[in-house]
Amino acid sequence: MKVVLVVLCFFVVSFSVNAQAKVITSVNGAGDVATYELDCSVKFQSLAKGLRYNITRHEFKGPEMKNSYRLLLVMDGFYSKTLNKEMTISAVLNDGTVLEARKIIEDDGFFDGACTLKIKDPQALLKANIDKVIVKADKDVVYTISAQNKAVFKKNLENVMNAK
C-alpha cells in the first residue's frame with residue numbers, strides 16, 4: 001500500500017511541475033488588437049535544458065486582418081566567442097519543416113539570448129513536433145526536445161490558439 005502511495009505522489013508531483021501555463025489576455029487602448037500569451041510572470045515554460053519559451057497570439061479586428069502567432073525562444077547563458085552581425089535560430093519539425101529567424105546582434109556584437117520566430121501556420125505546428133532548435137553561432141548549438149516537453153508545448157499552443 002505504501003508503494004502505491006509513493007508512486008501516486010511521484011506522478012502528482014511530476015504532472016504539477018510540467019503543467020501547462022495559464023493564458024493571459026490583454027486588449028490595447030483602441031480595442032482593435034487583443035493579445036493572448038502564456039503567463040510567464042512566475043517562470044517561463046521550458047522546451048529543453050537552457051531553452052525557455054513563450055507563445056503569443058495577436059488577434060486583430062477587421063476583415064483584412066487575421067491572427068498572428070509568435071514563438072519567443074530564450075536561451076539561458078548562451079555565449080558565442082565570435083562577434084557576428086547576425087545569428088540564425090532554427091526550429092526543426094519532425095516532418096522536415098524548418099522555422100527560421102535571423103537575429104540582428106547588438107552593435108557590441110553580443111547576443112541577448114532571445115529570438116522570436118513567426119508561426120505562419122499554427123495548425124501545422126500543432127500537428128507536427130519540434131524535434132530540435134539549432135542556434136548557428138561559431139558552432140551549431142542544438143537543443144533536443146524531450147517527448148514530455150513536446151506534449152506540454154502542444155497543449156500550451158492549443159490553449160493560446162483557443163483563448164477568447
# chains A, B, ... in the order shown; residues from 1 in each chain; ligands from 1
$ residues_around --residues "stretch 20-30 of chain A" --least-positions-apart "5" --cutoff "9 Å" --atoms "only C-alpha atoms" --output "ChimeraX atom specification"
/A:35-40,44-45,152-153,155-156,159-160,163-164
$ write_last_selection --atoms "N, CA and C atoms" --output "compact mmCIF listing (two decimals), in the first residue's frame"
# COMPACT_ATOMS: atom_id res chain seq x y z
N THR A 35 -4.32 40.51 -27.28
CA THR A 35 -3.11 39.70 -27.17
C THR A 35 -3.37 38.57 -26.19
N TYR A 36 -3.04 37.36 -26.62
CA TYR A 36 -3.15 36.17 -25.77
C TYR A 36 -1.75 35.57 -25.69
N GLU A 37 -1.27 35.36 -24.46
CA GLU A 37 0.06 34.79 -24.31
C GLU A 37 0.14 33.98 -23.03
N LEU A 38 1.16 33.12 -22.96
CA LEU A 38 1.37 32.33 -21.76
C LEU A 38 1.79 33.25 -20.63
N ASP A 39 1.34 32.94 -19.44
CA ASP A 39 1.70 33.73 -18.26
C ASP A 39 3.10 33.32 -17.81
N CYS A 40 4.05 34.18 -18.06
CA CYS A 40 5.43 33.92 -17.66
C CYS A 40 5.86 34.81 -16.50
N PHE A 44 9.18 31.04 -17.06
CA PHE A 44 8.96 30.67 -18.45
C PHE A 44 8.78 29.16 -18.54
N GLN A 45 8.07 28.72 -19.56
CA GLN A 45 7.97 27.29 -19.83
C GLN A 45 9.28 26.81 -20.42
N VAL A 152 3.73 19.16 -23.59
CA VAL A 152 3.36 20.38 -22.87
C VAL A 152 3.33 21.57 -23.83
N PHE A 153 4.29 21.64 -24.76
CA PHE A 153 4.32 22.72 -25.75
C PHE A 153 3.05 22.69 -26.61
N LYS A 155 0.11 21.45 -25.86
CA LYS A 155 -1.03 21.85 -25.03
C LYS A 155 -1.04 23.37 -24.83
N ASN A 156 0.14 23.95 -24.59
CA ASN A 156 0.21 25.41 -24.44
C ASN A 156 -0.16 26.13 -25.72
N ASN A 159 -3.87 25.96 -26.15
CA ASN A 159 -4.54 26.88 -25.23
C ASN A 159 -4.48 28.33 -25.73
N VAL A 160 -3.35 28.75 -26.28
CA VAL A 160 -3.22 30.10 -26.82
C VAL A 160 -4.10 30.26 -28.06
N ALA A 163 -7.82 30.54 -26.90
CA ALA A 163 -8.16 31.55 -25.90
C ALA A 163 -9.10 32.59 -26.48
N LYS A 164 -10.04 33.02 -25.65
CA LYS A 164 -11.02 34.04 -26.06
C LYS A 164 -10.96 35.21 -25.12
$ select_by_dssp --residues "stretch 21-153 of chain A" --states "strand (DSSP E or B)" --output "JSON, numbers by chain"
{"A": [23, 24, 25, 26, 27, 33, 34, 35, 36, 37, 38, 45, 46, 47, 48, 51, 52, 53, 54, 55, 56, 57, 58, 59, 60, 68, 69, 70, 71, 72, 73, 74, 75, 86, 87, 88, 89, 90, 91, 92, 93, 98, 99, 100, 101, 102, 103, 104, 114, 115, 116, 117, 118, 119, 130, 131, 132, 133, 134, 135, 136, 140, 141, 142, 143, 144]}
$ atom_distance --atom1 "atom CA of A:Ile130" --atom2 "atom CA of A:Thr56"
17.0 Å
$ residues_around --residues "A:Val74" --least-positions-apart "5" --cutoff "9 Å" --atoms "only C-alpha atoms" --output "list in words"
Phe44, Gly50, Leu51, Arg52, Tyr53, Asn54, Asp112, Gly113, Ala114, Cys115 and Thr116 of chain A
$ write_last_selection --atoms "all heavy atoms" --output "compact mmCIF listing (two decimals), in the first residue's frame"
# COMPACT_ATOMS: atom_id res chain seq x y z
N PHE A 44 9.18 31.04 -17.06
CA PHE A 44 8.96 30.67 -18.45
C PHE A 44 8.78 29.16 -18.54
O PHE A 44 9.30 28.41 -17.70
CB PHE A 44 10.19 31.04 -19.30
CG PHE A 44 10.19 32.44 -19.81
CD1 PHE A 44 10.67 33.48 -19.04
CD2 PHE A 44 9.71 32.72 -21.08
CE1 PHE A 44 10.68 34.77 -19.52
CE2 PHE A 44 9.73 34.01 -21.57
CZ PHE A 44 10.21 35.04 -20.79
N GLY A 50 18.07 24.76 -20.70
CA GLY A 50 18.67 26.00 -21.16
C GLY A 50 17.88 26.72 -22.24
O GLY A 50 18.33 27.73 -22.77
N LEU A 51 16.69 26.22 -22.57
CA LEU A 51 15.87 26.83 -23.62
C LEU A 51 14.44 26.98 -23.12
O LEU A 51 13.75 25.99 -22.87
CB LEU A 51 15.90 25.98 -24.89
CG LEU A 51 15.10 26.49 -26.08
CD1 LEU A 51 15.70 27.80 -26.59
CD2 LEU A 51 15.09 25.46 -27.20
N ARG A 52 14.02 28.22 -22.95
CA ARG A 52 12.67 28.50 -22.48
C ARG A 52 11.88 29.20 -23.57
O ARG A 52 12.46 29.66 -24.55
CB ARG A 52 12.73 29.37 -21.22
CG ARG A 52 13.43 28.64 -20.08
CD ARG A 52 13.66 29.51 -18.88
NE ARG A 52 14.62 30.56 -19.21
CZ ARG A 52 14.56 31.79 -18.73
NH1 ARG A 52 13.60 32.15 -17.90
NH2 ARG A 52 15.45 32.69 -19.06
N TYR A 53 10.55 29.28 -23.42
CA TYR A 53 9.74 29.86 -24.49
C TYR A 53 8.49 30.55 -23.97
O TYR A 53 8.07 30.34 -22.84
CB TYR A 53 9.34 28.78 -25.50
CG TYR A 53 8.32 27.78 -24.99
CD1 TYR A 53 6.97 27.97 -25.21
CD2 TYR A 53 8.71 26.65 -24.28
CE1 TYR A 53 6.03 27.06 -24.75
CE2 TYR A 53 7.79 25.74 -23.82
CZ TYR A 53 6.44 25.95 -24.05
OH TYR A 53 5.52 25.06 -23.58
N ASN A 54 7.90 31.35 -24.87
CA ASN A 54 6.58 31.94 -24.66
C ASN A 54 5.89 31.97 -26.02
O ASN A 54 6.54 32.16 -27.04
CB ASN A 54 6.68 33.35 -24.09
CG ASN A 54 5.33 33.87 -23.61
OD1 ASN A 54 4.34 33.13 -23.58
ND2 ASN A 54 5.28 35.12 -23.24
N ASP A 112 21.65 38.84 -27.06
CA ASP A 112 20.92 38.98 -25.79
C ASP A 112 20.23 37.69 -25.34
O ASP A 112 19.64 37.66 -24.28
CB ASP A 112 19.92 40.13 -25.86
CG ASP A 112 18.82 39.91 -26.88
OD1 ASP A 112 18.76 38.83 -27.50
OD2 ASP A 112 18.01 40.84 -27.07
N GLY A 113 20.29 36.63 -26.13
CA GLY A 113 19.76 35.34 -25.71
C GLY A 113 18.31 35.11 -26.02
O GLY A 113 17.74 34.10 -25.63
N ALA A 114 17.64 36.03 -26.74
CA ALA A 114 16.23 35.86 -27.07
C ALA A 114 16.01 36.06 -28.56
O ALA A 114 16.68 36.87 -29.19
CB ALA A 114 15.38 36.85 -26.28
N CYS A 115 15.07 35.31 -29.10
CA CYS A 115 14.75 35.41 -30.52
C CYS A 115 13.27 35.07 -30.70
O CYS A 115 12.74 34.20 -30.01
CB CYS A 115 15.60 34.44 -31.31
SG CYS A 115 15.28 34.47 -33.07
N THR A 116 12.61 35.75 -31.64
CA THR A 116 11.20 35.50 -31.91
C THR A 116 11.04 34.88 -33.28
O THR A 116 11.53 35.41 -34.28
CB THR A 116 10.39 36.81 -31.83
OG1 THR A 116 10.57 37.38 -30.54
CG2 THR A 116 8.92 36.54 -32.06
$ atom_distance --atom1 "atom CA of A:Lys49" --atom2 "atom CA of A:Val133"
11.4 Å
$ atom_distance --atom1 "atom CA of A:Lys120" --atom2 "atom CA of A:Leu99"
9.2 Å
$ closest_residue --among "A:Gly77, A:Val42, A:Ala137, A:Val33" --to "A:Arg57" --atoms "only C-alpha atoms"
A:Val33
$ closest_residue --among "A:Ala48, A:Ile55, A:Val141, A:Ala124" --to "A:Leu72" --atoms "only C-alpha atoms"
A:Ile55
$ closest_residue --among "A:Thr97, A:Ser146, A:Ser46, A:Ser41" --to "A:Asp121" --atoms "only C-alpha atoms"
A:Thr97
$ residues_around --residues "A:Ile134" --least-positions-apart "4" --cutoff "9 Å" --atoms "only C-alpha atoms" --output "ChimeraX atom specification"
/A:88-92,140-144
$ write_last_selection --atoms "N, CA and C atoms" --output "compact mmCIF listing (two decimals), in the first residue's frame"
# COMPACT_ATOMS: atom_id res chain seq x y z
N THR A 88 21.48 32.98 -36.69
CA THR A 88 20.32 32.25 -37.19
C THR A 88 19.86 31.25 -36.14
N ILE A 89 18.56 31.29 -35.84
CA ILE A 89 17.95 30.34 -34.92
C ILE A 89 16.91 29.57 -35.70
N SER A 90 16.95 28.23 -35.66
CA SER A 90 16.03 27.40 -36.43
C SER A 90 15.34 26.40 -35.52
N ALA A 91 14.03 26.22 -35.75
CA ALA A 91 13.29 25.16 -35.09
C ALA A 91 13.00 24.11 -36.16
N VAL A 92 13.46 22.89 -35.96
CA VAL A 92 13.30 21.82 -36.93
C VAL A 92 12.15 20.92 -36.48
N ASP A 140 27.39 25.17 -34.18
CA ASP A 140 25.96 24.96 -34.01
C ASP A 140 25.68 24.44 -32.61
N VAL A 141 24.72 25.08 -31.94
CA VAL A 141 24.26 24.62 -30.63
C VAL A 141 22.89 24.02 -30.85
N VAL A 142 22.74 22.74 -30.52
CA VAL A 142 21.49 22.02 -30.77
C VAL A 142 20.81 21.70 -29.45
N TYR A 143 19.54 22.13 -29.34
CA TYR A 143 18.70 21.81 -28.18
C TYR A 143 17.73 20.73 -28.63
N THR A 144 17.81 19.54 -28.05
CA THR A 144 16.90 18.45 -28.38
C THR A 144 15.71 18.48 -27.43
$ decode --residues "stretch 118-132 of chain A" --atoms "all heavy atoms" --output "mmCIF file, in the first residue's frame"
data_model
loop_
_atom_site.group_PDB
_atom_site.id
_atom_site.type_symbol
_atom_site.label_atom_id
_atom_site.label_comp_id
_atom_site.auth_asym_id
_atom_site.auth_seq_id
_atom_site.Cartn_x
_atom_site.Cartn_y
_atom_site.Cartn_z
ATOM 1 N N LYS A 118 8.298 33.720 -36.166
ATOM 2 C CA LYS A 118 6.911 33.896 -36.599
ATOM 3 C C LYS A 118 6.358 32.522 -36.966
ATOM 4 O O LYS A 118 7.003 31.752 -37.663
ATOM 5 C CB LYS A 118 6.838 34.820 -37.807
ATOM 6 C CG LYS A 118 7.222 36.238 -37.485
ATOM 7 C CD LYS A 118 7.145 37.116 -38.711
ATOM 8 C CE LYS A 118 7.630 38.504 -38.360
ATOM 9 N NZ LYS A 118 7.695 39.376 -39.521
ATOM 10 N N ILE A 119 5.162 32.245 -36.482
ATOM 11 C CA ILE A 119 4.493 30.978 -36.788
ATOM 12 C C ILE A 119 3.429 31.286 -37.835
ATOM 13 O O ILE A 119 2.426 31.921 -37.526
ATOM 14 C CB ILE A 119 3.848 30.357 -35.530
ATOM 15 C CG1 ILE A 119 4.899 30.143 -34.446
ATOM 16 C CG2 ILE A 119 3.142 29.061 -35.885
ATOM 17 C CD1 ILE A 119 4.321 29.731 -33.113
ATOM 18 N N LYS A 120 3.666 30.852 -39.066
ATOM 19 C CA LYS A 120 2.719 31.149 -40.145
ATOM 20 C C LYS A 120 1.500 30.248 -40.104
ATOM 21 O O LYS A 120 0.406 30.670 -40.417
ATOM 22 C CB LYS A 120 3.420 31.033 -41.498
ATOM 23 C CG LYS A 120 4.472 32.097 -41.691
ATOM 24 C CD LYS A 120 5.151 31.998 -43.018
ATOM 25 C CE LYS A 120 6.203 33.089 -43.111
ATOM 26 N NZ LYS A 120 7.083 32.926 -44.233
ATOM 27 N N ASP A 121 1.696 28.987 -39.739
ATOM 28 C CA ASP A 121 0.595 28.024 -39.709
ATOM 29 C C ASP A 121 0.591 27.293 -38.360
ATOM 30 O O ASP A 121 1.227 26.243 -38.219
ATOM 31 C CB ASP A 121 0.742 27.037 -40.864
ATOM 32 C CG ASP A 121 -0.456 26.110 -41.005
ATOM 33 O OD1 ASP A 121 -1.417 26.241 -40.217
ATOM 34 O OD2 ASP A 121 -0.424 25.255 -41.905
ATOM 35 N N PRO A 122 -0.109 27.836 -37.356
ATOM 36 C CA PRO A 122 -0.092 27.195 -36.041
ATOM 37 C C PRO A 122 -0.735 25.809 -36.039
ATOM 38 O O PRO A 122 -0.354 24.952 -35.250
ATOM 39 C CB PRO A 122 -0.854 28.172 -35.153
ATOM 40 C CG PRO A 122 -1.638 29.016 -36.073
ATOM 41 C CD PRO A 122 -0.899 29.062 -37.365
ATOM 42 N N GLN A 123 -1.706 25.579 -36.932
ATOM 43 C CA GLN A 123 -2.320 24.243 -37.005
ATOM 44 C C GLN A 123 -1.294 23.197 -37.430
ATOM 45 O O GLN A 123 -1.276 22.084 -36.905
ATOM 46 C CB GLN A 123 -3.499 24.244 -37.988
ATOM 47 C CG GLN A 123 -4.729 24.944 -37.477
ATOM 48 C CD GLN A 123 -5.356 24.241 -36.277
ATOM 49 O OE1 GLN A 123 -5.107 23.071 -36.000
ATOM 50 N NE2 GLN A 123 -6.171 24.965 -35.542
ATOM 51 N N ALA A 124 -0.436 23.545 -38.387
ATOM 52 C CA ALA A 124 0.611 22.612 -38.823
ATOM 53 C C ALA A 124 1.607 22.355 -37.700
ATOM 54 O O ALA A 124 2.072 21.226 -37.519
ATOM 55 C CB ALA A 124 1.322 23.156 -40.055
ATOM 56 N N LEU A 125 1.924 23.403 -36.939
ATOM 57 C CA LEU A 125 2.839 23.237 -35.809
ATOM 58 C C LEU A 125 2.213 22.371 -34.724
ATOM 59 O O LEU A 125 2.899 21.602 -34.060
ATOM 60 C CB LEU A 125 3.233 24.600 -35.242
ATOM 61 C CG LEU A 125 4.269 24.609 -34.127
ATOM 62 C CD1 LEU A 125 5.554 23.928 -34.556
ATOM 63 C CD2 LEU A 125 4.546 26.026 -33.679
ATOM 64 N N LEU A 126 0.901 22.467 -34.583
ATOM 65 C CA LEU A 126 0.188 21.647 -33.602
ATOM 66 C C LEU A 126 0.228 20.172 -33.995
ATOM 67 O O LEU A 126 0.348 19.300 -33.147
ATOM 68 C CB LEU A 126 -1.256 22.137 -33.491
ATOM 69 C CG LEU A 126 -2.039 21.750 -32.255
ATOM 70 C CD1 LEU A 126 -1.329 22.201 -30.993
ATOM 71 C CD2 LEU A 126 -3.425 22.337 -32.302
ATOM 72 N N LYS A 127 0.140 19.901 -35.310
ATOM 73 C CA LYS A 127 0.178 18.515 -35.796
ATOM 74 C C LYS A 127 1.586 17.939 -35.765
ATOM 75 O O LYS A 127 1.767 16.750 -35.523
ATOM 76 C CB LYS A 127 -0.378 18.445 -37.219
ATOM 77 C CG LYS A 127 -1.851 18.725 -37.290
ATOM 78 C CD LYS A 127 -2.334 18.733 -38.717
ATOM 79 C CE LYS A 127 -3.795 19.188 -38.759
ATOM 80 N NZ LYS A 127 -4.224 19.486 -40.109
ATOM 81 N N ALA A 128 2.586 18.775 -36.033
ATOM 82 C CA ALA A 128 3.979 18.314 -36.042
ATOM 83 C C ALA A 128 4.600 18.532 -34.661
ATOM 84 O O ALA A 128 4.019 19.186 -33.808
ATOM 85 C CB ALA A 128 4.766 19.083 -37.099
ATOM 86 N N ASN A 129 5.765 17.986 -34.477
ATOM 87 C CA ASN A 129 6.517 18.182 -33.238
ATOM 88 C C ASN A 129 7.796 18.936 -33.540
ATOM 89 O O ASN A 129 8.425 18.704 -34.573
ATOM 90 C CB ASN A 129 6.907 16.842 -32.605
ATOM 91 C CG ASN A 129 5.754 16.188 -31.892
ATOM 92 O OD1 ASN A 129 4.970 16.847 -31.229
ATOM 93 N ND2 ASN A 129 5.651 14.884 -32.028
ATOM 94 N N ILE A 130 8.202 19.821 -32.633
ATOM 95 C CA ILE A 130 9.526 20.428 -32.748
ATOM 96 C C ILE A 130 10.509 19.398 -32.222
ATOM 97 O O ILE A 130 10.449 19.010 -31.063
ATOM 98 C CB ILE A 130 9.627 21.735 -31.938
ATOM 99 C CG1 ILE A 130 8.663 22.784 -32.473
ATOM 100 C CG2 ILE A 130 11.058 22.260 -31.980
ATOM 101 C CD1 ILE A 130 8.659 24.075 -31.683
ATOM 102 N N ASP A 131 11.388 18.912 -33.096
ATOM 103 C CA ASP A 131 12.381 17.929 -32.680
ATOM 104 C C ASP A 131 13.584 18.581 -32.019
ATOM 105 O O ASP A 131 14.111 18.085 -31.033
ATOM 106 C CB ASP A 131 12.860 17.099 -33.873
ATOM 107 C CG ASP A 131 11.884 15.996 -34.226
ATOM 108 O OD1 ASP A 131 11.063 15.614 -33.377
ATOM 109 O OD2 ASP A 131 11.949 15.502 -35.367
ATOM 110 N N LYS A 132 14.026 19.697 -32.617
ATOM 111 C CA LYS A 132 15.206 20.359 -32.064
ATOM 112 C C LYS A 132 15.223 21.818 -32.468
ATOM 113 O O LYS A 132 14.574 22.230 -33.428
ATOM 114 C CB LYS A 132 16.484 19.661 -32.510
ATOM 115 C CG LYS A 132 16.656 19.575 -34.000
ATOM 116 C CD LYS A 132 17.848 18.713 -34.359
ATOM 117 C CE LYS A 132 17.823 18.395 -35.856
ATOM 118 N NZ LYS A 132 18.869 17.477 -36.225
#
